[in-house]
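Trainee: Pasting data_15.tsv here (TSV, C-alpha atoms):
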```
chain	number	residue	atom	x	y	z
A	1	MET	CA	10.28	131.25	53.02
A	2	ASP	CA	12.43	132.27	56.00
A	3	GLN	CA	11.50	135.51	57.72
A	4	HIS	CA	14.77	137.06	56.53
A	5	GLU	CA	15.03	135.40	53.13
A	6	LYS	CA	15.56	137.61	50.08
A	7	THR	CA	15.28	136.47	46.48
A	8	GLU	CA	16.50	138.66	43.64
A	9	SER	CA	13.55	139.25	41.31
A	10	ASP	CA	15.36	141.86	39.20
A	11	SER	CA	18.68	140.11	38.96
A	12	GLY	CA	20.43	142.14	36.26
A	13	SER	CA	23.85	140.45	36.01
A	14	LEU	CA	23.16	138.31	39.09
A	15	PRO	CA	22.29	134.63	38.73
A	16	GLU	CA	18.55	134.15	38.31
A	17	GLY	CA	16.87	133.16	41.57
A	18	LEU	CA	19.81	134.16	43.78
A	19	THR	CA	18.55	134.02	47.37
A	20	LEU	CA	20.11	135.30	50.59
A	21	ARG	CA	18.99	133.68	53.82
A	22	ALA	CA	20.22	132.64	57.25
A	23	LEU	CA	22.59	129.69	57.53
A	24	ARG	CA	20.77	126.50	58.56
A	25	PRO	CA	22.14	123.33	60.20
A	26	SER	CA	21.00	121.46	57.09
A	27	ASP	CA	23.49	123.54	55.04
A	28	ALA	CA	26.44	121.83	56.76
A	29	GLU	CA	27.43	119.51	53.90
A	30	GLN	CA	27.43	122.19	51.19
A	31	TYR	CA	28.98	124.71	53.58
A	32	HIS	CA	31.74	122.20	54.30
A	33	ALA	CA	32.28	121.47	50.60
A	34	LEU	CA	32.60	125.19	49.84
A	35	LEU	CA	35.25	125.58	52.56
A	36	GLN	CA	37.40	122.91	50.87
A	37	LEU	CA	37.42	124.55	47.42
A	38	PRO	CA	40.89	125.69	46.24
A	39	ALA	CA	40.13	129.41	45.93
A	40	VAL	CA	38.32	129.46	49.28
A	41	VAL	CA	41.22	127.64	50.98
A	42	ASP	CA	43.71	130.05	49.36
A	43	GLY	CA	41.73	133.07	50.58
A	44	ASN	CA	41.15	131.99	54.17
A	45	PRO	CA	43.38	131.02	57.11
A	46	HIS	CA	41.68	127.72	58.00
A	47	VAL	CA	43.52	124.41	57.64
A	48	PRO	CA	42.61	122.22	54.62
A	49	PHE	CA	40.91	118.85	55.06
A	50	GLU	CA	38.84	119.67	58.11
A	51	THR	CA	36.15	117.05	58.57
A	52	LEU	CA	32.42	117.47	58.10
A	53	ALA	CA	32.03	116.81	61.83
A	54	GLN	CA	34.33	119.77	62.57
A	55	THR	CA	32.28	121.97	60.25
A	56	ARG	CA	29.03	120.93	61.92
A	57	GLU	CA	30.59	121.71	65.30
A	58	SER	CA	31.76	125.15	64.15
A	59	ILE	CA	28.27	125.99	62.86
A	60	GLY	CA	26.84	125.01	66.24
A	61	LYS	CA	29.34	127.28	68.01
A	62	ILE	CA	28.56	130.44	66.03
A	63	ASP	CA	27.97	133.24	68.53
A	64	PRO	CA	24.30	134.21	68.87
A	65	THR	CA	25.19	137.82	68.04
A	66	THR	CA	26.83	136.80	64.73
A	67	ILE	CA	24.77	137.06	61.57
A	68	ALA	CA	25.58	134.07	59.35
A	69	MET	CA	24.01	134.05	55.90
A	70	VAL	CA	24.31	132.03	52.73
A	71	ALA	CA	23.64	132.76	49.07
A	72	THR	CA	21.84	130.03	47.15
A	73	VAL	CA	20.70	129.46	43.59
A	74	GLY	CA	18.01	126.82	43.69
A	75	ASP	CA	19.32	124.17	46.07
A	76	THR	CA	22.98	125.07	45.49
A	77	LEU	CA	24.93	127.03	48.08
A	78	VAL	CA	27.05	129.50	46.11
A	79	GLY	CA	28.34	131.88	48.79
A	80	MET	CA	28.40	132.67	52.48
A	81	ALA	CA	29.06	135.62	54.76
A	82	GLN	CA	29.30	136.36	58.46
A	83	LEU	CA	29.01	139.63	60.36
A	84	SER	CA	30.19	139.64	63.98
A	85	PRO	CA	29.46	142.69	66.18
A	86	MET	CA	32.04	143.25	68.90
A	87	LYS	CA	31.49	143.87	72.60
A	88	GLY	CA	32.39	146.23	75.43
A	89	ARG	CA	34.43	149.25	74.38
A	90	ARG	CA	34.45	147.87	70.82
A	91	ALA	CA	30.67	147.60	70.62
A	92	HIS	CA	30.69	150.23	67.87
A	93	ALA	CA	32.68	147.90	65.62
A	94	GLY	CA	32.20	144.63	63.80
A	95	SER	CA	34.14	142.24	61.61
A	96	PHE	CA	32.99	140.23	58.63
A	97	SER	CA	34.00	137.66	56.04
A	98	ILE	CA	32.71	136.65	52.61
A	99	SER	CA	33.39	133.54	50.52
A	100	VAL	CA	32.03	132.65	47.09
A	101	HIS	CA	31.98	129.19	45.49
A	102	ASP	CA	34.86	128.79	43.01
A	103	ALA	CA	32.47	127.98	40.14
A	104	TRP	CA	30.40	131.12	40.74
A	105	HIS	CA	33.10	133.80	40.73
A	106	GLY	CA	32.49	136.89	38.61
A	107	ARG	CA	28.70	136.69	38.88
A	108	GLY	CA	28.16	139.55	41.38
A	109	ILE	CA	27.51	137.24	44.35
A	110	GLY	CA	30.28	138.69	46.53
A	111	ARG	CA	29.05	142.21	45.79
A	112	ARG	CA	25.47	141.26	46.66
A	113	LEU	CA	26.57	139.74	49.96
A	114	MET	CA	28.59	142.88	50.69
A	115	VAL	CA	25.60	145.15	50.05
A	116	GLU	CA	23.50	143.10	52.46
A	117	LEU	CA	26.20	143.06	55.16
A	118	LEU	CA	26.67	146.83	54.96
A	119	ASP	CA	22.91	147.40	55.19
A	120	LEU	CA	22.79	145.25	58.33
A	121	ALA	CA	25.84	146.95	59.86
A	122	ASP	CA	24.76	150.53	59.05
A	123	ASN	CA	20.98	150.48	59.29
A	124	TRP	CA	20.13	147.72	61.75
A	125	LEU	CA	23.08	147.31	64.11
A	126	GLY	CA	24.33	150.91	64.05
A	127	LEU	CA	27.99	149.90	63.71
A	128	ARG	CA	30.41	152.78	63.17
A	129	ARG	CA	33.46	150.72	62.19
A	130	LEU	CA	33.57	147.60	60.04
A	131	GLU	CA	36.82	145.71	59.59
A	132	LEU	CA	38.21	142.65	57.83
A	133	ASN	CA	41.38	140.77	57.00
A	134	VAL	CA	42.31	139.88	53.42
A	135	PHE	CA	45.41	138.31	51.94
A	136	ALA	CA	47.58	140.79	50.03
A	137	ASP	CA	47.43	138.79	46.78
A	138	ASN	CA	43.62	138.51	46.70
A	139	ARG	CA	43.17	141.21	44.06
A	140	ALA	CA	39.48	140.59	43.38
A	141	ALA	CA	38.57	140.89	47.06
A	142	LEU	CA	40.74	143.99	47.51
A	143	ALA	CA	39.05	145.66	44.54
A	144	LEU	CA	35.59	144.84	45.92
A	145	TYR	CA	36.35	146.16	49.40
A	146	ARG	CA	37.87	149.38	48.05
A	147	LYS	CA	34.74	150.01	45.97
A	148	PHE	CA	32.76	150.02	49.21
A	149	GLY	CA	35.03	152.47	50.99
A	150	PHE	CA	37.40	150.15	52.87
A	151	GLU	CA	40.96	151.33	53.35
A	152	ILE	CA	44.11	149.42	54.27
A	153	GLU	CA	45.19	150.23	57.84
A	154	VAL	CA	47.82	147.55	58.55
A	155	ARG	CA	49.97	145.17	56.53
A	156	GLN	CA	50.84	142.04	58.48
A	157	ARG	CA	54.01	140.55	57.03
A	158	GLY	CA	54.03	136.77	56.68
A	159	ALA	CA	50.74	136.44	58.55
A	160	VAL	CA	49.65	133.04	57.21
A	161	LEU	CA	51.48	130.01	55.86
A	162	ARG	CA	50.01	128.83	52.52
A	163	ARG	CA	51.56	126.11	50.36
A	164	GLY	CA	54.98	126.68	51.90
A	165	VAL	CA	54.94	130.48	51.51
A	166	LEU	CA	54.28	133.06	54.23
A	167	ILE	CA	51.52	135.33	52.90
A	168	ASP	CA	51.01	138.97	53.88
A	169	SER	CA	47.58	140.03	55.15
A	170	PHE	CA	45.92	143.44	55.13
A	171	MET	CA	43.59	144.73	57.82
A	172	MET	CA	41.04	146.99	56.15
A	173	ALA	CA	38.35	149.12	57.73
A	174	ARG	CA	35.47	151.41	56.84
A	175	PHE	CA	33.83	154.07	59.03
A	176	HIS	CA	30.19	155.04	58.86
A	177	GLU	CA	28.52	158.18	60.17
A	178	PRO	CA	26.08	157.81	63.09
A	179	ALA	CA	22.47	157.13	62.17
A	180	PRO	CA	20.37	160.33	62.02
A	181	LEU	CA	17.49	161.00	64.37
A	182	MET	CA	14.01	160.87	62.89
A	183	ALA	CA	12.51	164.25	62.05
A	184	ALA	CA	10.72	165.82	65.02
A	185	PRO	CA	6.93	165.89	64.57
A	186	ALA	CA	5.27	169.28	64.22
A	187	THR	CA	3.90	170.86	67.41
A	188	SER	CA	0.37	170.74	66.00
A	189	ALA	CA	0.66	166.97	65.49
A	190	LEU	CA	1.84	166.50	69.09
A	191	LYS	CA	-1.13	168.48	70.40
A	192	ALA	CA	-3.53	166.45	68.27
A	193	ASP	CA	-2.06	163.18	69.57
A	194	ALA	CA	-2.32	164.40	73.17
A	195	THR	CA	-5.95	165.41	72.65
A	196	GLN	CA	-6.88	162.05	71.18
A	197	SER	CA	-5.12	160.12	73.96
A	198	ASN	CA	-7.17	162.08	76.54
A	199	GLY	CA	-10.37	161.07	74.80
A	200	THR	CA	-11.40	164.60	73.91
A	201	GLN	CA	-12.26	166.08	70.53
A	202	PRO	CA	-10.24	168.99	69.13
```
Just give me the structure of the file as C-alpha coordinates.
Mentor:
Amino acid sequence: MDQHEKTESDSGSLPEGLTLRALRPSDAEQYHALLQLPAVVDGNPHVPFETLAQTRESIGKIDPTTIAMVATVGDTLVGMAQLSPMKGRRAHAGSFSISVHDAWHGRGIGRRLMVELLDLADNWLGLRRLELNVFADNRAALALYRKFGFEIEVRQRGAVLRRGVLIDSFMMARFHEPAPLMAAPATSALKADATQSNGTQP
(Lines of atoms letter the chains of each structure in order from A and count residues from 1; the text may use other names and numbers.)
(Lines give C-alpha, C1' and ligand atoms only; values in the text may rest on other atoms or scores of the structure.)
Protein backbone atom coordinates (compact mmCIF):
# COMPACT_ATOMS: atom_id res chain seq x y z
CA MET A 1 0.00 0.00 0.00
CA ASP A 2 1.25 3.50 -0.88
CA GLN A 3 2.25 5.72 2.02
CA HIS A 4 -0.69 8.02 1.24
CA GLU A 5 -3.23 5.41 0.15
CA LYS A 6 -6.65 5.44 1.80
CA THR A 7 -9.25 2.70 1.47
CA GLU A 8 -12.81 3.24 2.65
CA SER A 9 -13.58 0.53 5.20
CA ASP A 10 -16.91 2.06 6.26
CA SER A 11 -18.16 2.97 2.83
CA GLY A 12 -21.80 3.82 3.54
CA SER A 13 -23.13 4.82 0.09
CA LEU A 14 -19.62 4.77 -1.41
CA PRO A 15 -18.52 1.88 -3.64
CA GLU A 16 -17.02 -0.93 -1.58
CA GLY A 17 -13.23 -0.83 -1.59
CA LEU A 18 -12.99 2.73 -2.92
CA THR A 19 -9.34 3.76 -2.59
CA LEU A 20 -7.68 7.17 -2.91
CA ARG A 21 -4.00 7.23 -3.76
CA ALA A 22 -1.38 9.19 -5.68
CA LEU A 23 -1.43 9.08 -9.47
CA ARG A 24 1.15 6.63 -10.86
CA PRO A 25 2.77 6.50 -14.32
CA SER A 26 1.18 3.06 -14.71
CA ASP A 27 -2.27 4.74 -14.50
CA ALA A 28 -1.70 6.47 -17.85
CA GLU A 29 -3.94 4.22 -19.98
CA GLN A 30 -6.96 4.36 -17.66
CA TYR A 31 -6.34 8.06 -16.96
CA HIS A 32 -6.32 8.67 -20.71
CA ALA A 33 -9.50 6.64 -21.24
CA LEU A 34 -11.30 8.61 -18.52
CA LEU A 35 -10.33 11.91 -20.17
CA GLN A 36 -12.02 10.79 -23.42
CA LEU A 37 -15.39 9.94 -21.84
CA PRO A 38 -18.29 12.13 -23.06
CA ALA A 39 -19.22 13.67 -19.69
CA VAL A 40 -15.57 14.35 -18.84
CA VAL A 41 -14.98 15.97 -22.24
CA ASP A 42 -18.15 18.07 -21.82
CA GLY A 43 -17.03 19.24 -18.38
CA ASN A 44 -13.44 20.15 -19.19
CA PRO A 45 -11.71 22.50 -21.64
CA HIS A 46 -9.28 19.99 -23.18
CA VAL A 47 -9.53 19.02 -26.84
CA PRO A 48 -11.06 15.59 -27.63
CA PHE A 49 -8.98 12.80 -29.18
CA GLU A 50 -5.68 13.60 -27.53
CA THR A 51 -3.33 10.65 -27.87
CA LEU A 52 -2.13 8.34 -25.13
CA ALA A 53 1.38 9.67 -25.76
CA GLN A 54 0.14 13.21 -25.03
CA THR A 55 -1.48 12.01 -21.82
CA ARG A 56 1.71 10.27 -20.70
CA GLU A 57 3.63 13.46 -21.43
CA SER A 58 1.18 15.59 -19.44
CA ILE A 59 1.47 13.25 -16.45
CA GLY A 60 5.25 13.57 -16.62
CA LYS A 61 4.98 17.36 -16.65
CA ILE A 62 2.80 17.68 -13.54
CA ASP A 63 4.42 20.27 -11.28
CA PRO A 64 6.13 18.74 -8.23
CA THR A 65 4.03 20.96 -5.95
CA THR A 66 0.76 19.64 -7.45
CA ILE A 67 -1.03 16.85 -5.62
CA ALA A 68 -2.47 14.45 -8.20
CA MET A 69 -4.65 11.65 -6.88
CA VAL A 70 -6.92 8.98 -8.30
CA ALA A 71 -9.89 7.08 -6.96
CA THR A 72 -9.95 3.36 -7.70
CA VAL A 73 -12.27 0.44 -7.06
CA GLY A 74 -10.23 -2.70 -7.38
CA ASP A 75 -8.10 -2.19 -10.47
CA THR A 76 -10.52 0.30 -12.06
CA LEU A 77 -9.76 4.01 -12.06
CA VAL A 78 -13.08 5.73 -11.32
CA GLY A 79 -12.05 9.32 -10.59
CA MET A 80 -9.18 11.76 -10.39
CA ALA A 81 -8.37 15.08 -8.78
CA GLN A 82 -5.55 17.61 -8.74
CA LEU A 83 -4.71 20.34 -6.24
CA SER A 84 -2.20 22.98 -7.34
CA PRO A 85 -0.84 25.46 -4.76
CA MET A 86 0.12 28.82 -6.24
CA LYS A 87 3.33 30.79 -5.79
CA GLY A 88 4.66 34.21 -4.84
CA ARG A 89 2.01 36.68 -3.72
CA ARG A 90 -0.63 34.02 -4.44
CA ALA A 91 1.01 31.41 -2.22
CA HIS A 92 -2.04 31.52 0.06
CA ALA A 93 -4.21 30.21 -2.77
CA GLY A 94 -4.64 27.04 -4.78
CA SER A 95 -6.73 25.70 -7.63
CA PHE A 96 -8.17 22.24 -8.14
CA SER A 97 -10.11 20.01 -10.49
CA ILE A 98 -12.14 16.82 -10.10
CA SER A 99 -13.37 14.33 -12.71
CA VAL A 100 -15.40 11.16 -12.18
CA HIS A 101 -15.79 8.27 -14.63
CA ASP A 102 -19.09 8.51 -16.53
CA ALA A 103 -20.20 5.05 -15.35
CA TRP A 104 -19.60 5.92 -11.68
CA HIS A 105 -21.58 9.15 -11.35
CA GLY A 106 -23.93 9.46 -8.39
CA ARG A 107 -21.91 7.14 -6.15
CA GLY A 108 -20.33 9.78 -3.88
CA ILE A 109 -16.88 9.60 -5.52
CA GLY A 110 -16.71 13.31 -6.38
CA ARG A 111 -17.74 14.21 -2.84
CA ARG A 112 -15.10 11.89 -1.38
CA LEU A 113 -12.40 13.42 -3.56
CA MET A 114 -13.57 16.89 -2.52
CA VAL A 115 -13.36 16.03 1.18
CA GLU A 116 -9.79 14.80 0.71
CA LEU A 117 -8.75 17.87 -1.31
CA LEU A 118 -10.16 20.25 1.30
CA ASP A 119 -8.40 18.38 4.10
CA LEU A 120 -5.10 18.70 2.23
CA ALA A 121 -5.67 22.38 1.43
CA ASP A 122 -6.84 23.38 4.93
CA ASN A 123 -4.88 21.14 7.28
CA TRP A 124 -1.66 20.30 5.47
CA LEU A 125 -0.91 23.12 3.04
CA GLY A 126 -2.53 25.97 5.00
CA LEU A 127 -4.22 27.47 1.94
CA ARG A 128 -6.58 30.36 2.65
CA ARG A 129 -8.25 30.53 -0.77
CA LEU A 130 -9.26 27.64 -3.01
CA GLU A 131 -10.61 28.31 -6.48
CA LEU A 132 -11.91 26.46 -9.53
CA ASN A 133 -13.55 26.89 -12.91
CA VAL A 134 -16.76 25.07 -13.82
CA PHE A 135 -19.01 25.29 -16.85
CA ALA A 136 -22.30 27.07 -16.15
CA ASP A 137 -24.43 24.11 -17.26
CA ASN A 138 -22.67 21.54 -15.03
CA ARG A 139 -25.42 21.45 -12.42
CA ALA A 140 -24.13 18.45 -10.49
CA ALA A 141 -20.69 20.00 -10.04
CA LEU A 142 -22.16 23.38 -9.10
CA ALA A 143 -24.34 21.75 -6.44
CA LEU A 144 -21.36 19.86 -5.01
CA TYR A 145 -19.13 22.93 -4.82
CA ARG A 146 -21.85 25.04 -3.20
CA LYS A 147 -22.34 22.38 -0.52
CA PHE A 148 -18.70 22.86 0.43
CA GLY A 149 -18.91 26.63 0.68
CA PHE A 150 -17.77 27.73 -2.78
CA GLU A 151 -19.32 30.88 -4.20
CA ILE A 152 -19.48 32.19 -7.76
CA GLU A 153 -17.19 35.21 -8.18
CA VAL A 154 -17.06 35.65 -11.97
CA ARG A 155 -19.10 34.53 -14.96
CA GLN A 156 -17.00 34.27 -18.10
CA ARG A 157 -19.28 34.60 -21.11
CA GLY A 158 -18.55 32.22 -23.99
CA ALA A 159 -15.37 30.98 -22.33
CA VAL A 160 -15.07 27.61 -24.10
CA LEU A 161 -16.22 26.27 -27.45
CA ARG A 162 -18.04 22.91 -27.08
CA ARG A 163 -19.84 21.15 -29.94
CA GLY A 164 -20.26 24.41 -31.83
CA VAL A 165 -21.62 26.40 -28.86
CA LEU A 166 -19.72 28.93 -26.74
CA ILE A 167 -20.20 27.84 -23.12
CA ASP A 168 -20.12 30.16 -20.10
CA SER A 169 -17.77 29.33 -17.24
CA PHE A 170 -17.95 30.28 -13.56
CA MET A 171 -14.96 31.01 -11.36
CA MET A 172 -15.82 29.86 -7.85
CA ALA A 173 -13.83 30.27 -4.66
CA ARG A 174 -13.87 29.36 -0.99
CA PHE A 175 -12.00 31.05 1.87
CA HIS A 176 -10.73 29.27 4.95
CA GLU A 177 -9.71 30.76 8.28
CA PRO A 178 -6.02 30.57 9.27
CA ALA A 179 -4.96 27.45 11.14
CA PRO A 180 -4.99 27.94 14.93
CA LEU A 181 -1.86 27.79 17.05
CA MET A 182 -1.48 24.78 19.31
CA ALA A 183 -2.42 25.39 22.93
CA ALA A 184 0.48 26.75 24.98
CA PRO A 185 1.83 24.21 27.48
CA ALA A 186 1.37 24.97 31.17
CA THR A 187 4.27 26.73 32.94
CA SER A 188 4.73 23.74 35.23
CA ALA A 189 5.20 21.45 32.21
CA LEU A 190 7.83 23.79 30.74
CA LYS A 191 9.75 23.80 34.02
CA ALA A 192 9.62 20.00 34.20
CA ASP A 193 10.93 19.69 30.64
CA ALA A 194 13.76 22.14 31.38
CA THR A 195 14.71 20.21 34.51
CA GLN A 196 14.82 16.90 32.69
CA SER A 197 16.88 18.32 29.81
CA ASN A 198 19.47 19.56 32.36
CA GLY A 199 19.76 16.07 33.80
CA THR A 200 18.51 17.02 37.24
CA GLN A 201 15.64 15.58 39.26
CA PRO A 202 12.73 17.79 40.34
Trainee: Just want the 8 Å neighbourhood of Met172 of chain A, counted on only C-alpha atoms, with same-chain residues fewer than 5 positions away dropped. Output as a list in words.
Mentor: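 Everything that qualifies: Glu131, Leu132, Asn133, Val134, Phe150, Glu151, Ile152, Glu153 and Val154 of chain A.
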Trainee: Pull the closest atom pair for each residue of segment 116-189 of chain A that gets at most 9 Å from segment 37-51 of chain A, along with the distance in Å to one decimal, counting only C-alpha atoms, ordering rows by chain and then ascending residue number, as a Markdown table.
Mentor:
```
| residue | atom | partner | partner_atom | distance |
| --- | --- | --- | --- | --- |
| A:Val134 | CA | A:Gly43 | CA | 7.4 |
| A:Phe135 | CA | A:Gly43 | CA | 6.5 |
| A:Asp137 | CA | A:Gly43 | CA | 8.9 |
| A:Asn138 | CA | A:Gly43 | CA | 6.9 |
| A:Val160 | CA | A:Pro45 | CA | 6.6 |
| A:Leu161 | CA | A:Pro45 | CA | 8.3 |
| A:Arg162 | CA | A:Asp42 | CA | 7.2 |
| A:Arg163 | CA | A:Asp42 | CA | 8.8 |
```
Trainee: Which distance in Å separates atom CA of Ala141 of chain A and atom CA of Arg155 of chain A, to one decimal?
Mentor: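 That distance, rounded to one decimal, is 15.4 Å.
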Trainee: Expressed in Å to a single decimal, how great is the separation between atom CA of Ser169 of chain A and atom CA of Tyr145 of chain A?
Mentor: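 Result for atom CA of Ser169 of chain A versus atom CA of Tyr145 of chain A: 14.0 Å, one decimal.
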Trainee: With distances taken over only C-alpha atoms, which residue among A:Leu14, A:Lys61, A:Arg146, A:Thr76 lies nearest Asp27 of chain A?
Mentor: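 Closest to Asp27 of chain A, using only C-alpha atoms: A:Thr76.
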Trainee: Of the candidates A:Leu34, A:Ala186, A:Leu130, A:Ile62, which shows the shortest atom-to-atom distance to His101 of chain A, using only C-alpha atoms?
Mentor: A:Leu34
Trainee: Using only C-alpha atoms for the distances, tell me which of A:Leu144, A:Ala103, A:Ala136, A:Met182 is nearest to Ile167 of chain A.
Mentor: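 Ranked by minimum distance to Ile167 of chain A, first place goes to A:Ala136.
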Trainee: I want to know what sits within 7 Å of Arg129 of chain A, based on only C-alpha atoms, with residues of the same chain fewer than 3 positions away left out; could you give that as an MDAnalysis selection string?
Mentor: chainID A and resid 92:94 173:176
